[in-house]
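This is protein26.txt. It holds compact mmCIF, C-alpha atoms.
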# COMPACT_ATOMS: atom_id res chain seq x y z
CA MET A 1 -5.29 -16.10 12.49
CA LEU A 2 -8.02 -13.50 12.84
CA ALA A 3 -5.22 -10.93 12.93
CA LEU A 4 -3.93 -12.18 9.57
CA TYR A 5 -7.41 -12.04 8.06
CA LEU A 6 -8.00 -8.51 9.31
CA ARG A 7 -4.58 -7.35 8.13
CA ASP A 8 -5.10 -8.70 4.62
CA VAL A 9 -8.63 -7.29 4.39
CA LYS A 10 -7.33 -3.91 5.56
CA LEU A 11 -4.54 -4.05 2.97
CA GLY A 12 -7.05 -5.02 0.31
CA PHE A 13 -9.22 -1.98 0.88
CA ARG A 14 -6.41 0.55 1.35
CA ALA A 15 -5.22 2.66 -1.53
CA GLY A 16 -3.06 1.03 -4.17
CA SER A 17 -4.20 -2.54 -3.67
CA GLY A 18 -6.20 -2.75 -6.88
CA ALA A 19 -9.23 -4.45 -5.34
CA LEU A 20 -11.49 -2.26 -7.45
CA THR A 21 -9.72 -3.23 -10.68
CA GLY A 22 -11.60 -6.52 -10.71
CA VAL A 23 -14.98 -4.79 -10.48
CA LEU A 24 -14.06 -2.40 -13.29
CA PHE A 25 -12.89 -5.30 -15.46
CA PHE A 26 -16.10 -7.20 -14.71
CA LEU A 27 -18.10 -4.11 -15.67
CA ALA A 28 -16.12 -3.72 -18.91
CA VAL A 29 -16.62 -7.36 -19.95
CA VAL A 30 -20.35 -7.42 -19.25
CA THR A 31 -21.18 -4.03 -20.77
CA VAL A 32 -19.55 -4.72 -24.14
CA ILE A 33 -21.39 -8.02 -24.65
CA PRO A 34 -24.79 -6.44 -25.57
CA PHE A 35 -23.02 -4.25 -28.15
CA GLY A 36 -21.37 -7.30 -29.66
CA VAL A 37 -24.33 -9.65 -29.54
CA GLY A 38 -26.98 -7.15 -30.63
CA PRO A 39 -30.24 -5.96 -29.11
CA ASP A 40 -32.07 -9.31 -29.12
CA LEU A 41 -33.45 -9.24 -25.56
CA ASN A 42 -34.43 -12.92 -25.48
CA LEU A 43 -30.97 -14.00 -26.56
CA LEU A 44 -29.33 -11.72 -23.99
CA ALA A 45 -31.56 -13.10 -21.23
CA ARG A 46 -30.66 -16.63 -22.25
CA ILE A 47 -26.87 -16.12 -22.27
CA GLY A 48 -26.93 -13.58 -19.43
CA PRO A 49 -26.09 -15.87 -16.50
CA ALA A 50 -23.26 -17.48 -18.50
CA ILE A 51 -21.78 -14.06 -19.36
CA LEU A 52 -22.00 -12.98 -15.72
CA TRP A 53 -20.18 -16.16 -14.68
CA ILE A 54 -17.46 -15.84 -17.33
CA GLY A 55 -16.94 -12.18 -16.46
CA ALA A 56 -16.72 -12.91 -12.75
CA LEU A 57 -14.36 -15.82 -13.35
CA LEU A 58 -11.95 -13.74 -15.44
CA ALA A 59 -12.18 -10.77 -13.08
CA SER A 60 -11.44 -12.94 -10.06
CA LEU A 61 -8.24 -14.19 -11.73
CA LEU A 62 -6.89 -10.61 -11.67
CA GLY A 63 -4.68 -9.95 -8.71
CA LEU A 64 -4.37 -13.59 -7.73
CA ASP A 65 -0.66 -13.54 -8.57
CA ARG A 66 -0.10 -10.97 -5.82
CA LEU A 67 -1.57 -13.28 -3.17
CA PHE A 68 1.84 -14.43 -1.92
CA GLN A 69 4.16 -12.33 -4.06
CA ALA A 70 3.50 -9.14 -2.11
CA ASP A 71 4.34 -10.96 1.12
CA ARG A 72 7.46 -12.43 -0.43
CA GLU A 73 8.78 -9.07 -1.59
CA ASP A 74 8.54 -7.40 1.80
CA GLY A 75 9.80 -10.41 3.74
CA SER A 76 6.50 -11.23 5.45
CA LEU A 77 6.38 -14.62 3.74
CA ASP A 78 9.57 -15.70 5.53
CA LEU A 79 7.94 -14.87 8.83
CA LEU A 80 4.70 -16.64 7.90
CA LEU A 81 6.72 -19.71 6.88
CA GLY A 82 8.83 -19.45 10.02
CA ALA A 83 5.74 -19.54 12.21
CA GLN A 84 4.69 -22.93 10.86
CA ASP A 85 4.91 -24.57 14.27
CA ARG A 86 2.37 -22.17 15.70
CA HIS A 87 0.07 -21.86 12.71
CA MET A 88 -0.28 -24.70 10.25
CA LEU A 89 0.82 -23.33 6.89
CA ALA A 90 -2.23 -24.66 5.03
CA LEU A 91 -4.44 -22.81 7.52
CA THR A 92 -2.45 -19.62 6.99
CA VAL A 93 -2.98 -20.01 3.23
CA LEU A 94 -6.72 -20.66 3.75
CA VAL A 95 -7.04 -17.47 5.78
CA LYS A 96 -5.15 -15.47 3.15
CA CYS A 97 -7.48 -16.91 0.48
CA LEU A 98 -10.56 -15.93 2.46
CA ALA A 99 -9.22 -12.41 2.93
CA HIS A 100 -8.43 -12.16 -0.79
CA TRP A 101 -11.92 -13.40 -1.61
CA THR A 102 -13.48 -10.84 0.72
CA THR A 103 -11.67 -7.89 -0.80
CA ALA A 104 -11.36 -8.87 -4.48
CA VAL A 105 -14.21 -11.25 -5.27
CA LEU A 106 -17.06 -10.39 -2.91
CA PRO A 107 -17.44 -6.95 -4.54
CA LEU A 108 -17.93 -8.76 -7.88
CA VAL A 109 -20.74 -10.82 -6.38
CA ILE A 110 -22.33 -7.67 -4.99
CA VAL A 111 -22.39 -5.83 -8.33
CA THR A 112 -23.69 -8.91 -10.21
CA PRO A 113 -27.41 -7.98 -9.98
CA LEU A 114 -26.66 -4.53 -11.35
CA LEU A 115 -24.69 -5.89 -14.31
CA GLY A 116 -27.34 -8.57 -14.87
CA LEU A 117 -29.76 -5.78 -15.77
CA PHE A 118 -27.59 -4.99 -18.82
CA MET A 119 -28.21 -8.56 -19.93
CA ASN A 120 -32.01 -8.47 -19.42
CA VAL A 121 -31.76 -11.29 -16.88
CA PRO A 122 -35.09 -11.75 -14.97
CA PRO A 123 -35.04 -11.10 -11.20
CA ILE A 124 -35.08 -14.78 -10.26
CA GLY A 125 -32.13 -15.32 -12.61
CA LEU A 126 -30.25 -12.43 -10.98
CA ALA A 127 -30.79 -13.96 -7.56
CA ALA A 128 -29.63 -17.36 -8.84
CA ALA A 129 -26.52 -15.92 -10.50
CA MET A 130 -25.62 -14.02 -7.34
CA LEU A 131 -26.15 -17.07 -5.13
CA THR A 132 -24.14 -19.40 -7.36
CA LEU A 133 -21.33 -16.85 -7.59
CA LEU A 134 -21.35 -16.45 -3.82
CA ILE A 135 -21.01 -20.20 -3.36
CA GLY A 136 -18.78 -20.95 -6.35
CA THR A 137 -16.17 -18.16 -6.48
CA PRO A 138 -14.33 -19.22 -3.29
CA ALA A 139 -13.36 -22.38 -5.19
CA ILE A 140 -11.69 -20.22 -7.86
CA THR A 141 -9.67 -18.41 -5.19
CA PHE A 142 -8.61 -21.69 -3.56
CA ILE A 143 -7.47 -23.10 -6.91
CA GLY A 144 -5.80 -19.80 -7.65
CA ALA A 145 -3.77 -20.05 -4.45
CA VAL A 146 -2.00 -23.09 -5.92
CA GLY A 147 -1.08 -21.15 -9.05
CA ALA A 148 -0.01 -18.15 -6.98
CA ALA A 149 2.18 -20.34 -4.79
CA LEU A 150 3.78 -22.01 -7.81
CA THR A 151 4.67 -18.69 -9.43
CA VAL A 152 5.55 -16.82 -6.24
CA ALA A 153 9.17 -16.38 -7.28
CA LEU A 154 8.43 -15.17 -10.81
CA PRO A 155 8.35 -11.40 -11.24
CA ARG A 156 5.80 -11.49 -14.09
CA GLY A 157 3.71 -14.46 -13.08
CA GLY A 158 0.32 -12.82 -13.56
CA LEU A 159 -0.73 -14.35 -16.85
CA LEU A 160 0.97 -17.63 -16.02
CA VAL A 161 -1.20 -18.01 -12.92
CA SER A 162 -4.33 -17.55 -15.03
CA VAL A 163 -3.15 -20.07 -17.62
CA ILE A 164 -2.23 -22.64 -14.96
CA ILE A 165 -5.49 -22.47 -13.05
CA LEU A 166 -8.02 -21.75 -15.80
CA PRO A 167 -8.42 -25.43 -16.84
CA LEU A 168 -9.00 -26.38 -13.21
CA THR A 169 -11.75 -23.80 -12.81
CA ILE A 170 -13.77 -25.16 -15.75
CA PRO A 171 -15.87 -27.56 -13.59
CA VAL A 172 -16.75 -24.67 -11.29
CA LEU A 173 -17.85 -22.61 -14.30
CA ILE A 174 -19.89 -25.48 -15.78
CA PHE A 175 -21.85 -26.21 -12.64
CA GLY A 176 -22.20 -22.55 -11.71
CA VAL A 177 -23.75 -21.70 -15.07
CA ALA A 178 -25.85 -24.89 -15.05
CA ALA A 179 -27.32 -23.99 -11.67
CA SER A 180 -28.05 -20.39 -12.58
CA ARG A 181 -29.69 -21.47 -15.84
CA GLY A 182 -31.66 -24.13 -13.96
CA ALA A 183 -33.29 -21.41 -11.91
CA VAL A 184 -34.87 -19.77 -14.97
CA ALA A 185 -35.14 -22.35 -17.78
CA GLU A 186 -38.02 -24.62 -16.81
CA PRO A 187 -37.03 -28.25 -17.48
CA ASP A 188 -33.46 -27.81 -16.16
CA PRO A 189 -33.02 -28.60 -12.45
CA PHE A 190 -31.44 -26.08 -10.08
CA LEU A 191 -30.56 -28.09 -7.02
CA PRO A 192 -28.29 -30.90 -8.36
CA PRO A 193 -25.72 -28.62 -10.09
CA PHE A 194 -25.92 -26.20 -7.16
CA LEU A 195 -25.06 -28.96 -4.71
CA ILE A 196 -22.18 -30.14 -6.89
CA LEU A 197 -20.95 -26.53 -7.02
CA SER A 198 -21.04 -26.37 -3.22
CA ALA A 199 -19.18 -29.68 -3.05
CA LEU A 200 -16.50 -28.34 -5.43
CA THR A 201 -15.95 -25.33 -3.19
CA LEU A 202 -15.63 -27.51 -0.07
CA PHE A 203 -13.33 -29.89 -1.93
CA PHE A 204 -11.00 -27.14 -3.14
CA ALA A 205 -11.09 -25.44 0.27
CA VAL A 206 -9.12 -28.45 1.49
CA ILE A 207 -7.04 -29.39 -1.56
CA GLY A 208 -6.09 -25.85 -2.63
CA PRO A 209 -4.52 -24.54 0.59
CA ALA A 210 -2.80 -27.86 1.26
CA ALA A 211 -1.25 -27.92 -2.21
CA ALA A 212 -0.33 -24.24 -2.04
CA ALA A 213 1.35 -24.77 1.35
CA LEU A 214 3.39 -27.65 -0.07
CA SER A 215 4.42 -25.52 -3.01
CA LEU A 216 5.37 -22.53 -0.83
CA ARG A 217 7.51 -24.76 1.37
CA GLY A 218 9.31 -26.05 -1.71
CA ALA A 219 9.80 -22.60 -3.20
CA ALA A 220 11.90 -21.31 -0.28
CA ASP A 221 15.14 -19.73 -1.33
CA MET B 1 19.34 -23.88 26.26
CA ARG B 2 21.67 -24.76 23.42
CA LEU B 3 21.69 -24.05 19.71
CA ALA B 4 23.99 -26.36 17.78
CA VAL B 5 24.89 -26.46 14.13
CA GLU B 6 26.83 -29.54 13.07
CA ASN B 7 28.72 -29.92 9.81
CA VAL B 8 26.14 -28.01 7.83
CA ASP B 9 26.60 -27.66 4.07
CA GLY B 10 24.82 -24.81 2.35
CA GLU B 11 23.60 -24.88 -1.23
CA ARG B 12 22.34 -22.04 -3.41
CA GLY B 13 20.84 -23.00 -6.75
CA GLY B 14 22.52 -26.42 -6.71
CA GLU B 15 25.98 -25.02 -5.99
CA LEU B 16 27.78 -25.59 -2.73
CA VAL B 17 28.36 -22.24 -1.01
CA PHE B 18 30.00 -23.51 2.16
CA SER B 19 30.53 -26.86 3.80
CA GLY B 20 31.24 -28.30 7.20
CA VAL B 21 30.16 -25.31 9.27
CA SER B 22 29.78 -26.13 12.96
CA PHE B 23 29.15 -24.06 16.06
CA ALA B 24 27.32 -24.38 19.33
CA LEU B 25 25.93 -21.61 21.50
CA ASP B 26 24.66 -21.77 25.07
CA ALA B 27 22.23 -19.38 26.66
CA GLY B 28 23.62 -15.86 26.87
CA ARG B 29 26.13 -16.32 24.06
CA ALA B 30 26.40 -14.46 20.78
CA LEU B 31 28.04 -15.38 17.50
CA LEU B 32 29.13 -12.97 14.81
CA VAL B 33 29.23 -14.48 11.34
CA THR B 34 31.66 -12.55 9.18
CA GLY B 35 33.20 -13.01 5.79
CA PRO B 36 33.30 -11.55 2.29
CA ASN B 37 30.20 -11.09 0.14
CA GLY B 38 28.97 -14.38 -1.20
CA ALA B 39 30.54 -16.42 1.58
CA GLY B 40 27.12 -17.77 2.54
CA LYS B 41 26.35 -15.78 5.69
CA SER B 42 22.72 -15.19 4.79
CA THR B 43 22.34 -18.76 3.54
CA LEU B 44 23.62 -20.05 6.88
CA LEU B 45 21.14 -17.89 8.79
CA ARG B 46 18.26 -19.02 6.57
CA ILE B 47 19.23 -22.65 7.15
CA VAL B 48 19.30 -22.12 10.92
CA ALA B 49 15.89 -20.39 10.68
CA GLY B 50 14.53 -23.42 8.83
CA LEU B 51 13.71 -21.40 5.71
CA LEU B 52 16.18 -23.37 3.60
CA PRO B 53 16.97 -27.05 3.85
CA ALA B 54 20.58 -27.88 4.76
CA ALA B 55 22.36 -29.86 2.05
CA ALA B 56 24.01 -31.89 4.80
CA GLY B 57 24.35 -31.74 8.57
CA ALA B 58 21.84 -30.76 11.22
CA VAL B 59 20.61 -27.78 13.20
CA THR B 60 19.45 -28.69 16.69
CA PHE B 61 17.95 -26.70 19.49
CA ALA B 62 17.63 -28.13 22.98
CA GLY B 63 16.26 -26.88 26.27
CA GLY B 64 13.50 -24.69 24.89
CA ALA B 65 10.79 -26.64 26.74
CA GLU B 66 7.37 -27.03 25.15
CA ALA B 67 7.04 -23.56 23.69
CA PHE B 68 10.19 -23.89 21.55
CA PRO B 69 10.62 -27.52 20.46
CA ASP B 70 13.06 -26.84 17.60
CA ALA B 71 15.28 -24.14 16.17
CA LYS B 72 12.63 -22.94 13.76
CA ALA B 73 10.10 -22.28 16.53
CA ALA B 74 12.72 -20.61 18.74
CA CYS B 75 13.99 -18.10 16.18
CA HIS B 76 13.31 -14.50 15.42
CA TYR B 77 14.58 -14.06 11.89
CA LEU B 78 15.48 -10.51 10.85
CA GLY B 79 16.37 -10.69 7.18
CA HIS B 80 17.11 -7.98 4.63
CA PRO B 81 13.47 -7.08 3.97
CA ASN B 82 11.71 -5.77 7.04
CA GLY B 83 8.50 -7.79 6.80
CA MET B 84 6.21 -4.76 7.14
CA LYS B 85 3.41 -3.49 4.92
CA ALA B 86 3.84 0.00 3.50
CA ALA B 87 0.09 0.71 3.49
CA LEU B 88 -0.42 -0.04 7.20
CA THR B 89 0.69 2.21 10.03
CA VAL B 90 3.75 1.25 12.05
CA GLU B 91 1.58 0.35 15.01
CA GLU B 92 -0.81 -1.78 12.93
CA ASN B 93 2.13 -3.68 11.49
CA LEU B 94 3.58 -4.42 14.90
CA ALA B 95 0.20 -5.26 16.41
CA PHE B 96 -0.36 -7.81 13.65
CA TRP B 97 3.00 -9.54 14.16
CA ARG B 98 2.44 -9.50 17.91
CA ASP B 99 -0.86 -11.35 17.49
CA PHE B 100 0.46 -13.70 14.84
CA LEU B 101 3.80 -14.63 16.39
CA GLY B 102 2.45 -15.21 19.90
CA GLU B 103 4.52 -15.28 23.14
CA GLN B 104 3.65 -11.61 23.55
CA ARG B 105 5.96 -9.31 25.47
CA LEU B 106 6.02 -5.55 24.94
CA SER B 107 3.08 -3.71 23.42
CA PRO B 108 3.75 -2.08 20.03
CA LEU B 109 3.97 1.35 21.65
CA GLU B 110 6.46 0.20 24.30
CA ALA B 111 8.58 -1.56 21.68
CA LEU B 112 8.62 1.59 19.55
CA GLU B 113 9.74 3.60 22.59
CA MET B 114 12.59 1.12 23.04
CA VAL B 115 13.90 1.78 19.52
CA GLY B 116 13.26 5.52 19.80
CA LEU B 117 10.27 5.72 17.47
CA GLY B 118 7.58 6.42 20.04
CA GLU B 119 6.33 9.47 18.18
CA ILE B 120 5.63 7.96 14.78
CA GLY B 121 3.48 4.91 15.49
CA HIS B 122 0.54 6.47 13.65
CA LEU B 123 2.41 6.97 10.34
CA PRO B 124 2.10 4.52 7.46
CA PHE B 125 5.20 2.34 7.31
CA GLY B 126 5.83 3.45 3.73
CA TYR B 127 6.51 7.04 4.86
CA LEU B 128 9.47 6.09 7.04
CA SER B 129 13.15 6.48 6.17
CA THR B 130 15.38 3.43 5.69
CA GLY B 131 16.78 3.64 9.20
CA GLN B 132 13.35 4.11 10.76
CA ARG B 133 12.07 1.07 8.87
CA ARG B 134 14.95 -0.99 10.18
CA ARG B 135 14.22 0.18 13.71
CA THR B 136 10.59 -0.83 13.30
CA ALA B 137 11.75 -4.29 12.23
CA ILE B 138 13.97 -4.39 15.31
CA ALA B 139 10.95 -3.47 17.44
CA ARG B 140 9.37 -6.68 16.13
CA LEU B 141 12.03 -8.64 18.04
CA LEU B 142 10.72 -7.12 21.26
CA ILE B 143 6.97 -7.55 20.88
CA SER B 144 7.01 -11.33 20.99
CA TYR B 145 9.57 -13.48 22.71
CA ARG B 146 11.97 -15.86 20.98
CA PRO B 147 15.13 -17.11 22.70
CA VAL B 148 17.20 -17.05 19.49
CA TRP B 149 17.68 -13.92 17.39
CA LEU B 150 19.00 -14.48 13.87
CA LEU B 151 20.08 -11.11 12.53
CA ASP B 152 21.13 -10.56 8.94
CA GLU B 153 22.97 -7.22 8.64
CA PRO B 154 20.79 -5.83 11.43
CA THR B 155 22.37 -2.40 11.55
CA ALA B 156 22.19 -1.64 7.81
CA GLY B 157 20.96 1.94 7.51
CA LEU B 158 21.09 2.77 11.23
CA ASP B 159 22.75 5.91 12.58
CA HIS B 160 25.26 5.78 15.44
CA ALA B 161 22.75 6.55 18.16
CA SER B 162 20.41 3.81 16.95
CA GLU B 163 23.32 1.38 16.66
CA ALA B 164 24.26 2.03 20.27
CA ARG B 165 20.65 1.61 21.34
CA PHE B 166 20.41 -1.66 19.41
CA SER B 167 23.63 -2.91 21.05
CA GLU B 168 21.98 -2.28 24.40
CA LEU B 169 18.89 -4.24 23.35
CA MET B 170 21.07 -7.13 22.21
CA ARG B 171 23.05 -7.10 25.47
CA ALA B 172 19.78 -7.11 27.43
CA HIS B 173 18.58 -10.09 25.39
CA LEU B 174 21.83 -11.97 26.07
CA SER B 175 21.82 -11.27 29.81
CA ASP B 176 18.22 -12.48 29.79
CA GLY B 177 19.54 -15.85 28.61
CA GLY B 178 18.99 -15.38 24.91
CA ILE B 179 21.14 -16.42 21.97
CA ILE B 180 22.15 -14.17 19.08
CA VAL B 181 23.58 -15.14 15.71
CA ALA B 182 24.35 -12.10 13.59
CA ALA B 183 25.77 -11.87 10.10
CA THR B 184 27.50 -8.54 9.79
CA HIS B 185 30.37 -6.51 8.40
CA LEU B 186 30.19 -3.92 11.15
CA PRO B 187 31.12 -4.28 14.81
CA LEU B 188 27.90 -4.66 16.77
CA GLY B 189 29.31 -3.68 20.15
CA LEU B 190 28.94 -7.11 21.70
CA GLU B 191 31.84 -7.93 24.03
CA GLY B 192 32.79 -11.57 24.34
CA ALA B 193 30.94 -12.62 21.22
CA GLU B 194 32.42 -15.54 19.33
CA GLU B 195 33.27 -15.06 15.71
CA LEU B 196 32.75 -17.40 12.82
CA ARG B 197 34.76 -16.40 9.76
CA MET B 198 33.35 -17.75 6.56
CA GLY B 199 35.41 -17.70 3.40
CA ALA B 200 34.40 -18.47 -0.14
CA ILE B 201 35.43 -22.00 -1.10

Show this structure as structure tokens.
Amino acid sequence: MLALYLRDVKLGFRAGSGALTGVLFFLAVVTVIPFGVGPDLNLLARIGPAILWIGALLASLLGLDRLFQADREDGSLDLLLGAQDRHMLALTVLVKCLAHWTTAVLPLVIVTPLLGLFMNVPPIGLAAAMLTLLIGTPAITFIGAVGAALTVALPRGGLLVSVIILPLTIPVLIFGVAASRGAVAEPDPFLPPFLILSALTLFFAVIGPAAAALSLRGAAD
Amino acid sequence: MRLAVENVDGERGGELVFSGVSFALDAGRALLVTGPNGAGKSTLLRIVAGLLPAAAGAVTFAGGAEAFPDAKAACHYLGHPNGMKAALTVEENLAFWRDFLGEQRLSPLEALEMVGLGEIGHLPFGYLSTGQRRRTAIARLLISYRPVWLLDEPTAGLDHASEARFSELMRAHLSDGGIIVAATHLPLGLEGAEELRMGAI
């Protein structure tokens, strides 16, 4: 299993994988917001955490469709499916999700504080946004695995994956933004939404890979 | 050890491709599946490998002890795609499959020597020619042990020397008590192999 994780991480960082595309997209989304909204610093600070979350959510949807498709095209998926007796398929999917998160989403979390500066977010808000993204984005990847597994046989499934999973990621977005706002806006609490966000991630860490494994098994052809 | 296929029907997209296919192979036996394009050779192999459900009938594997309880666990499946990543080196690819598939035998380097690619283990898989890629995929059969080899057009793209070398590897696997089921149009150089002719219905 560690071998699978290391292989996918290695693939993610090698040339031509497009791991950096997500970061560039994130950068593009966040930098154009101040131009659109105007130079009102208080307003920017208020909507900053929400913009960071929306940007990170959309950026982490990029590349999800390749999660299983790349393996299917070169025949690796057959071998992964064939090894089900040795490695439970849901576990294989979980490991692939974690590797995808490490290469495609973790860089987004790392650049968040930098992009937050564009939005005039105070330091404590930056820390909160980064922490909530770190805890919340794995849930998006786990949900995304289901969409990726459903569309594995479709050659142009990219947008379809996003459309399928976007409604399911709404709770993650709501509680992620609520927690990061709670850290800066005084009367709002930080801990309750943060704990619900953590619970969502744990919940989808089980449901997502199990559902994706079921779907992959059914999609064999 | 015995691999048995009983009255299996194969379906592709809801249409029956073949029906009532039966064969049984004991340790050390090989079966060549032949027939025109579209006769269902690949479908049959995928059903035996457990990648496709059989529309009817059963695939059973007995005598594999604990390590290989059923046909799916006992199979090496070599399909049309090679199952290797273009961005990783040949050795990295093989090392990964060796770790993942378990029952480790030869090291990646030894396996590459066996297929005559000892010199190019450090190259990215994407740089190799078609025949070299196929030989790398064949090396995968050697790095971890499975009693049953399911080969779908295994020699596609191989030159004569590599074909002969592959025949030797297959003969060694059979004399070691293995089982081979190969779908092919070309003679594979296996004496005494049974033949299953599949015809379109």

Distance of CA of Ala24 (chain B) from CA of Leu142 (chain B), expressed in Å to one decimal place: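 These atoms are spaced 24.0 Å apart.
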
10 Å contacts from chain B to chain A using all atoms listed in the file, as a VMD selection string: chain B and resid 11 to 13 43 46 to 47 49 to 53 67 to 70 72 to 88 92 to 93 95 to 102

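Note that CA of Ser180 (chain A) and CA of Asp65 (chain A) are 28.5 Å apart.
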
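Near region 153-164 of chain A, within 7 Å and counting all atoms listed in the file, sit Leu61, Asp65, Gly147 and Ala148 of chain A, not including residues fewer than 3 positions from it in the same chain.
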
What would the file look like if the residues just selected were written as a CSV table (one decimal), keeping the file's coordinate frame with C-alpha atoms?
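Once written, selection24.csv looks like this:
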chain,number,residue,atom,x,y,z
A,61,LEU,CA,-8.2,-14.2,-11.7
A,65,ASP,CA,-0.7,-13.5,-8.6
A,147,GLY,CA,-1.1,-21.2,-9.0
A,148,ALA,CA,0.0,-18.2,-7.0

Atom pair CA of Val109 (chain A) / CA of Leu89 (chain A): separation (Å): 28.2 Å

Test item: residues at most 7 Å from region 23-33 of chain A, all atoms listed in the file, excluding those fewer than 3 positions along its chain, as a ChimeraX atom specification: /A:20,36-37,51-52,55-56,59,107-108,115,118

Nearest residue to Arg181 (chain A) from the set A:Thr151, A:Thr132, A:Thr92, A:Thr102 (distances using all atoms listed in the file):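 Smallest distance to Arg181 (chain A) is found for A:Thr132.
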
Selected residue, from B:Gly118, B:Gly35, B:Gly126, B:Pro147, that lies nearest to Leu3 (chain B) when counting only C-alpha atoms: B:Pro147

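In terms of minimum interatomic distance to Leu133 (chain A), A:Val105 ranks closest within A:Ala145, A:Leu117, A:Val105, A:Leu202, counting all atoms listed in the file.
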
Please, which residues are within 12 Å of (4.0, -10.1, 29.4) by the file's coordinates, counting all atoms listed in the file, and could they come as a tab-separated table (two decimals) with C-alpha atoms, keeping the file's coordinate frame?
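Contents of part.tsv, freshly written:
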chain	number	residue	atom	x	y	z
B	98	ARG	CA	2.44	-9.50	17.91
B	102	GLY	CA	2.45	-15.21	19.90
B	103	GLU	CA	4.52	-15.28	23.14
B	104	GLN	CA	3.65	-11.61	23.55
B	105	ARG	CA	5.96	-9.31	25.47
B	106	LEU	CA	6.02	-5.55	24.94
B	107	SER	CA	3.08	-3.71	23.42
B	110	GLU	CA	6.46	0.20	24.30
B	142	LEU	CA	10.72	-7.12	21.26
B	143	ILE	CA	6.97	-7.55	20.88
B	144	SER	CA	7.01	-11.33	20.99
B	145	TYR	CA	9.57	-13.48	22.71

Region 25-30 of chain B surroundings by all atoms listed in the file, 6 Å radius, close-in-sequence under 2 positions cut, as a PyMOL selection string: chain B and resi 1-3+174-175+177-181+193

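Of the listed residues (A:Leu197, A:Met119, A:Ile170, A:Ala45), A:Ala45 comes nearest to Val184 (chain A); the distances count all atoms listed in the file.
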
Surrounding residues of Gly57 (chain B) excluding itself and chain neighbours under 4 positions, 10 Å, all atoms listed in the file, as a list of chain:residue names: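 In the requested format, the answer is B:Val5, B:Glu6, B:Asn7, B:Val8, B:Asp9, B:Gly10, B:Ser19, B:Gly20, B:Val21, B:Ser22, B:Pro53.
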
Residue nearest Leu151 (chain B) among B:Pro124, B:Leu109, B:Ala182, B:Leu190 (counting only C-alpha atoms):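 Answer, going by the shortest atom-to-atom distance: B:Ala182.
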
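Remark: for Arg140 (chain B), the closest of the candidate residues B:Glu15, B:Glu195, B:Glu91, B:Asp152 is B:Glu91 (distances computed over all atoms listed in the file).
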